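Structure data (TSV, N, CA and C atoms) from coords_33.tsv:
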```tsv
chain	number	residue	atom	x	y	z
T	228	MET	N	35.77	-30.40	-26.43
T	228	MET	CA	35.89	-30.78	-25.04
T	228	MET	C	36.43	-29.63	-24.19
T	229	ILE	N	37.39	-28.91	-24.70
T	229	ILE	CA	37.96	-27.80	-23.95
T	229	ILE	C	36.91	-26.72	-23.71
T	230	MET	N	36.12	-26.41	-24.72
T	230	MET	CA	35.11	-25.37	-24.58
T	230	MET	C	34.11	-25.72	-23.49
T	231	SER	N	33.67	-26.96	-23.43
T	231	SER	CA	32.70	-27.32	-22.41
T	231	SER	C	33.32	-27.26	-21.01
T	232	THR	N	34.60	-27.59	-20.91
T	232	THR	CA	35.29	-27.52	-19.63
T	232	THR	C	35.39	-26.07	-19.15
T	233	VAL	N	35.64	-25.16	-20.05
T	233	VAL	CA	35.74	-23.75	-19.72
T	233	VAL	C	34.36	-23.15	-19.50
T	234	ALA	N	33.39	-23.54	-20.30
T	234	ALA	CA	32.06	-22.94	-20.25
T	234	ALA	C	31.33	-23.24	-18.95
T	235	GLU	N	31.53	-24.41	-18.38
T	235	GLU	CA	30.80	-24.75	-17.15
T	235	GLU	C	31.10	-23.79	-16.00
T	236	PRO	N	32.38	-23.54	-15.66
T	236	PRO	CA	32.63	-22.57	-14.58
T	236	PRO	C	32.16	-21.16	-14.93
T	237	VAL	N	32.27	-20.76	-16.18
T	237	VAL	CA	31.81	-19.43	-16.58
T	237	VAL	C	30.30	-19.34	-16.42
T	238	ASN	N	29.58	-20.34	-16.90
T	238	ASN	CA	28.12	-20.35	-16.76
T	238	ASN	C	27.71	-20.36	-15.30
T	239	GLU	N	28.43	-21.12	-14.48
T	239	GLU	CA	28.13	-21.17	-13.05
T	239	GLU	C	28.38	-19.81	-12.41
T	240	ALA	N	29.47	-19.16	-12.78
T	240	ALA	CA	29.78	-17.83	-12.24
T	240	ALA	C	28.72	-16.81	-12.64
T	241	ILE	N	28.27	-16.88	-13.88
T	241	ILE	CA	27.22	-15.97	-14.35
T	241	ILE	C	25.94	-16.22	-13.58
T	242	GLY	N	25.59	-17.48	-13.39
T	242	GLY	CA	24.39	-17.82	-12.61
T	242	GLY	C	24.48	-17.32	-11.18
T	243	ASP	N	25.66	-17.45	-10.56
T	243	ASP	CA	25.86	-16.94	-9.21
T	243	ASP	C	25.73	-15.43	-9.16
T	244	ALA	N	26.27	-14.75	-10.15
T	244	ALA	CA	26.20	-13.28	-10.19
T	244	ALA	C	24.76	-12.82	-10.33
T	245	VAL	N	23.98	-13.50	-11.16
T	245	VAL	CA	22.57	-13.14	-11.33
T	245	VAL	C	21.82	-13.39	-10.03
T	246	ALA	N	22.09	-14.50	-9.38
T	246	ALA	CA	21.44	-14.80	-8.10
T	246	ALA	C	21.80	-13.76	-7.05
T	247	ASP	N	23.07	-13.34	-7.04
T	247	ASP	CA	23.50	-12.31	-6.09
T	247	ASP	C	22.80	-10.99	-6.38
T	248	GLU	N	22.65	-10.64	-7.66
T	248	GLU	CA	21.99	-9.38	-8.00
T	248	GLU	C	20.52	-9.42	-7.60
T	249	VAL	N	19.87	-10.56	-7.79
T	249	VAL	CA	18.47	-10.71	-7.37
T	249	VAL	C	18.36	-10.54	-5.85
T	250	SER	N	19.28	-11.16	-5.12
T	250	SER	CA	19.29	-11.01	-3.66
T	250	SER	C	19.50	-9.56	-3.26
T	251	LEU	N	20.38	-8.87	-3.97
T	251	LEU	CA	20.65	-7.46	-3.70
T	251	LEU	C	19.39	-6.63	-3.93
T	252	LEU	N	18.70	-6.88	-5.04
T	252	LEU	CA	17.49	-6.13	-5.35
T	252	LEU	C	16.41	-6.37	-4.30
T	253	ARG	N	16.27	-7.59	-3.87
T	253	ARG	CA	15.29	-7.90	-2.81
T	253	ARG	C	15.64	-7.16	-1.52
T	254	LEU	N	16.92	-7.10	-1.20
T	254	LEU	CA	17.36	-6.40	0.00
T	254	LEU	C	17.06	-4.90	-0.11
T	255	LEU	N	17.34	-4.31	-1.26
T	255	LEU	CA	17.06	-2.88	-1.46
T	255	LEU	C	15.57	-2.58	-1.33
T	256	VAL	N	14.73	-3.43	-1.88
T	256	VAL	CA	13.28	-3.25	-1.77
T	256	VAL	C	12.85	-3.41	-0.31
T	257	ALA	N	13.35	-4.45	0.35
T	257	ALA	CA	12.99	-4.70	1.75
T	257	ALA	C	13.41	-3.55	2.67
T	258	ARG	N	14.53	-2.92	2.36
T	258	ARG	CA	15.04	-1.80	3.17
T	258	ARG	C	14.39	-0.47	2.79
T	259	GLY	N	13.52	-0.48	1.79
T	259	GLY	CA	12.85	0.75	1.37
T	259	GLY	C	13.74	1.67	0.55
T	260	ARG	N	14.84	1.16	0.03
T	260	ARG	CA	15.77	1.95	-0.78
T	260	ARG	C	15.44	1.91	-2.26
T	261	LEU	N	14.51	1.03	-2.64
T	261	LEU	CA	14.11	0.87	-4.03
T	261	LEU	C	12.63	0.53	-4.07
T	262	LYS	N	11.89	1.26	-4.90
T	262	LYS	CA	10.46	1.00	-5.07
T	262	LYS	C	10.26	-0.11	-6.10
T	263	ASP	N	9.23	-0.91	-5.88
T	263	ASP	CA	8.90	-1.96	-6.85
T	263	ASP	C	8.67	-1.38	-8.24
T	264	SER	N	8.00	-0.23	-8.31
T	264	SER	CA	7.72	0.38	-9.61
T	264	SER	C	9.01	0.81	-10.32
T	265	ASP	N	9.99	1.31	-9.55
T	265	ASP	CA	11.27	1.69	-10.14
T	265	ASP	C	12.05	0.46	-10.61
T	266	LEU	N	11.95	-0.62	-9.85
T	266	LEU	CA	12.61	-1.87	-10.25
T	266	LEU	C	12.00	-2.39	-11.55
T	267	THR	N	10.68	-2.34	-11.66
T	267	THR	CA	10.00	-2.78	-12.88
T	267	THR	C	10.44	-1.93	-14.07
T	268	ARG	N	10.52	-0.63	-13.87
T	268	ARG	CA	10.96	0.28	-14.94
T	268	ARG	C	12.39	-0.03	-15.37
T	269	ALA	N	13.27	-0.23	-14.40
T	269	ALA	CA	14.67	-0.52	-14.71
T	269	ALA	C	14.81	-1.86	-15.43
T	270	ARG	N	14.06	-2.85	-15.00
T	270	ARG	CA	14.11	-4.16	-15.69
T	270	ARG	C	13.67	-4.03	-17.14
T	271	ARG	N	12.63	-3.26	-17.36
T	271	ARG	CA	12.14	-3.07	-18.73
T	271	ARG	C	13.20	-2.39	-19.60
T	272	LEU	N	13.82	-1.36	-19.07
T	272	LEU	CA	14.87	-0.66	-19.80
T	272	LEU	C	16.09	-1.55	-20.03
T	273	HIS	N	16.43	-2.34	-19.05
T	273	HIS	CA	17.58	-3.24	-19.17
T	273	HIS	C	17.30	-4.34	-20.20
T	274	ASP	N	16.07	-4.81	-20.26
T	274	ASP	CA	15.70	-5.82	-21.28
T	274	ASP	C	15.83	-5.26	-22.69
T	275	GLU	N	15.53	-3.97	-22.85
T	275	GLU	CA	15.63	-3.33	-24.16
T	275	GLU	C	17.08	-3.12	-24.58
T	276	SER	N	17.94	-2.86	-23.62
T	276	SER	CA	19.35	-2.62	-23.91
T	276	SER	C	20.18	-3.23	-22.77
T	277	PRO	N	20.47	-4.52	-22.85
T	277	PRO	CA	21.08	-5.24	-21.72
T	277	PRO	C	22.58	-5.02	-21.55
T	278	GLU	N	23.05	-3.82	-21.78
T	278	GLU	CA	24.47	-3.52	-21.55
T	278	GLU	C	24.69	-3.30	-20.06
T	279	GLY	N	25.72	-3.91	-19.51
T	279	GLY	CA	26.03	-3.75	-18.09
T	279	GLY	C	25.03	-4.48	-17.22
T	280	THR	N	25.09	-4.17	-15.94
T	280	THR	CA	24.21	-4.83	-14.98
T	280	THR	C	22.98	-3.98	-14.71
T	281	LEU	N	21.97	-4.62	-14.21
T	281	LEU	CA	20.74	-3.93	-13.85
T	281	LEU	C	21.01	-2.93	-12.72
T	282	THR	N	21.82	-3.31	-11.75
T	282	THR	CA	22.10	-2.40	-10.64
T	282	THR	C	22.87	-1.16	-11.10
T	283	ALA	N	23.79	-1.33	-12.05
T	283	ALA	CA	24.51	-0.17	-12.59
T	283	ALA	C	23.55	0.76	-13.33
T	284	LEU	N	22.62	0.20	-14.07
T	284	LEU	CA	21.62	1.00	-14.77
T	284	LEU	C	20.77	1.78	-13.77
T	285	MET	N	20.37	1.14	-12.69
T	285	MET	CA	19.54	1.82	-11.70
T	285	MET	C	20.29	2.99	-11.07
T	286	ALA	N	21.58	2.81	-10.84
T	286	ALA	CA	22.39	3.91	-10.29
T	286	ALA	C	22.49	5.06	-11.29
T	287	ARG	N	22.71	4.72	-12.57
T	287	ARG	CA	22.81	5.77	-13.60
T	287	ARG	C	21.50	6.53	-13.73
T	288	LEU	N	20.38	5.84	-13.58
T	288	LEU	CA	19.07	6.49	-13.67
T	288	LEU	C	18.70	7.26	-12.41
T	289	GLY	N	19.47	7.06	-11.35
T	289	GLY	CA	19.16	7.73	-10.08
T	289	GLY	C	18.06	7.05	-9.30
T	290	LEU	N	17.77	5.80	-9.62
T	290	LEU	CA	16.71	5.08	-8.92
T	290	LEU	C	17.19	4.55	-7.57
T	291	VAL	N	18.50	4.39	-7.45
T	291	VAL	CA	19.11	3.97	-6.19
T	291	VAL	C	20.49	4.63	-6.13
T	292	SER	N	20.89	5.04	-4.94
T	292	SER	CA	22.18	5.72	-4.82
T	292	SER	C	23.32	4.70	-4.82
T	293	GLU	N	24.49	5.17	-5.22
T	293	GLU	CA	25.67	4.31	-5.18
T	293	GLU	C	25.97	3.89	-3.75
T	294	ARG	N	25.72	4.77	-2.81
T	294	ARG	CA	25.95	4.45	-1.39
T	294	ARG	C	25.02	3.33	-0.93
T	295	ASP	N	23.74	3.41	-1.33
T	295	ASP	CA	22.79	2.35	-0.97
T	295	ASP	C	23.21	1.02	-1.58
T	296	LEU	N	23.71	1.05	-2.83
T	296	LEU	CA	24.21	-0.18	-3.46
T	296	LEU	C	25.40	-0.73	-2.69
T	297	ALA	N	26.32	0.14	-2.33
T	297	ALA	CA	27.51	-0.30	-1.59
T	297	ALA	C	27.13	-0.89	-0.23
T	298	ASP	N	26.22	-0.22	0.47
T	298	ASP	CA	25.75	-0.73	1.76
T	298	ASP	C	25.09	-2.10	1.62
T	299	ALA	N	24.26	-2.25	0.61
T	299	ALA	CA	23.55	-3.51	0.39
T	299	ALA	C	24.52	-4.63	0.01
T	300	TRP	N	25.47	-4.33	-0.89
T	300	TRP	CA	26.47	-5.35	-1.25
T	300	TRP	C	27.28	-5.74	-0.02
T	301	SER	N	27.66	-4.77	0.79
T	301	SER	CA	28.42	-5.04	2.00
T	301	SER	C	27.66	-5.98	2.93
T	302	GLU	N	26.40	-5.70	3.12
T	302	GLU	CA	25.56	-6.55	3.98
T	302	GLU	C	25.37	-7.93	3.38
T	303	LEU	N	25.05	-7.97	2.10
T	303	LEU	CA	24.79	-9.25	1.43
T	303	LEU	C	26.01	-10.16	1.43
T	304	LEU	N	27.18	-9.59	1.20
T	304	LEU	CA	28.40	-10.39	1.13
T	304	LEU	C	29.11	-10.53	2.48
T	305	ALA	N	28.55	-9.90	3.50
T	305	ALA	CA	29.12	-9.93	4.85
T	305	ALA	C	30.57	-9.45	4.83
T	306	LEU	N	30.78	-8.33	4.14
T	306	LEU	CA	32.10	-7.72	4.05
T	306	LEU	C	32.01	-6.29	4.57
T	307	PRO	N	33.07	-5.81	5.19
T	307	PRO	CA	33.04	-4.42	5.68
T	307	PRO	C	33.04	-3.43	4.52
T	308	LEU	N	32.39	-2.33	4.74
T	308	LEU	CA	32.36	-1.26	3.76
T	308	LEU	C	33.49	-0.29	4.09
T	309	LEU	N	34.39	-0.12	3.15
T	309	LEU	CA	35.52	0.77	3.36
T	309	LEU	C	35.21	2.16	2.87
T	310	ALA	N	35.68	3.16	3.59
T	310	ALA	CA	35.45	4.54	3.20
T	310	ALA	C	36.49	5.01	2.21
```
Represent the structure contained in this file as structure tokens.
Amino acid sequence: MIMSTVAEPVNEAIGDAVADEVSLLRLLVARGRLKDSDLTRARRLHDESPEGTLTALMARLGLVSERDLADAWSELLALPLLA
């Protein structure tokens, strides 16, 4: 019983994080900061080795800049970007 009580909020949080990342990726593509072909490549690589997040992998590969990620997260979450 305890495990199911703990697992529900964790599963919900994971689902929310995935939904947020999908929204972020859509925003990056819409803004022209990420190409569809690069997103496809990153997804394929992430599926092969799913360590970390897809967005972190894309930054490590140089497919999107850390600044573009920060700007997109700021816009998506409606939070100011601090310097």
key: Neighbour list for Thr267 (chain T) as a PyMOL selection string, cut-off 12 Å, only C-alpha atoms, skip fewer than 5 positions in-chain   = chain T and resi 252+256+261-262+272-274+281+285+290
Residues as selected, N, CA and C atoms, written as a compact mmCIF listing (two decimals), in the frame of the given file, can you do that?
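In the end it all went to again13.txt:
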```
# COMPACT_ATOMS: atom_id res chain seq x y z
N LEU T 252 18.70 -6.88 -5.04
CA LEU T 252 17.49 -6.13 -5.35
C LEU T 252 16.41 -6.37 -4.30
N VAL T 256 14.73 -3.43 -1.88
CA VAL T 256 13.28 -3.25 -1.77
C VAL T 256 12.85 -3.41 -0.31
N LEU T 261 14.51 1.03 -2.64
CA LEU T 261 14.11 0.87 -4.03
C LEU T 261 12.63 0.53 -4.07
N LYS T 262 11.89 1.26 -4.90
CA LYS T 262 10.46 1.00 -5.07
C LYS T 262 10.26 -0.11 -6.10
N LEU T 272 13.82 -1.36 -19.07
CA LEU T 272 14.87 -0.66 -19.80
C LEU T 272 16.09 -1.55 -20.03
N HIS T 273 16.43 -2.34 -19.05
CA HIS T 273 17.58 -3.24 -19.17
C HIS T 273 17.30 -4.34 -20.20
N ASP T 274 16.07 -4.81 -20.26
CA ASP T 274 15.70 -5.82 -21.28
C ASP T 274 15.83 -5.26 -22.69
N LEU T 281 21.97 -4.62 -14.21
CA LEU T 281 20.74 -3.93 -13.85
C LEU T 281 21.01 -2.93 -12.72
N MET T 285 20.37 1.14 -12.69
CA MET T 285 19.54 1.82 -11.70
C MET T 285 20.29 2.99 -11.07
N LEU T 290 17.77 5.80 -9.62
CA LEU T 290 16.71 5.08 -8.92
C LEU T 290 17.19 4.55 -7.57
```
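Nearest residue to Arg260 (chain T) among T:Val291, T:Glu302, T:Ala297, T:Ala310 is T:Val291, counting only C-alpha atoms.
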Check region 244-309 of chain T with DSSP on the backbone and list each residue it calls alpha helix (DSSP H), as a PyMOL selection string.
chain T and resi 244-257+263-275+281-288+293-304
Nearest residue to Asp295 (chain T) from the set T:Gly279, T:Arg271, T:Leu251, T:Leu309 (distances using only C-alpha atoms) =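 The closest residue to Asp295 (chain T) is T:Leu251.
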Listed atoms of region 244-253 of chain T boxed axis-aligned with 4 Å per side, centre + edges as JSON:
```
{"center_x": 20.8, "center_y": -10.5, "center_z": -6.4, "size_x": 19.0, "size_y": 16.7, "size_z": 17.8}
```
Requested in this report: Using only C-alpha atoms, determine which residues lie at most 10 Å from Trp300 (chain T), disregarding the query and same-chain residues fewer than 2 positions distant; provide the list as JSON, numbers by chain.
Outcome: {"T": [247, 248, 250, 251, 252, 254, 255, 294, 295, 296, 297, 298, 302, 303, 304, 305, 306, 307, 308]}
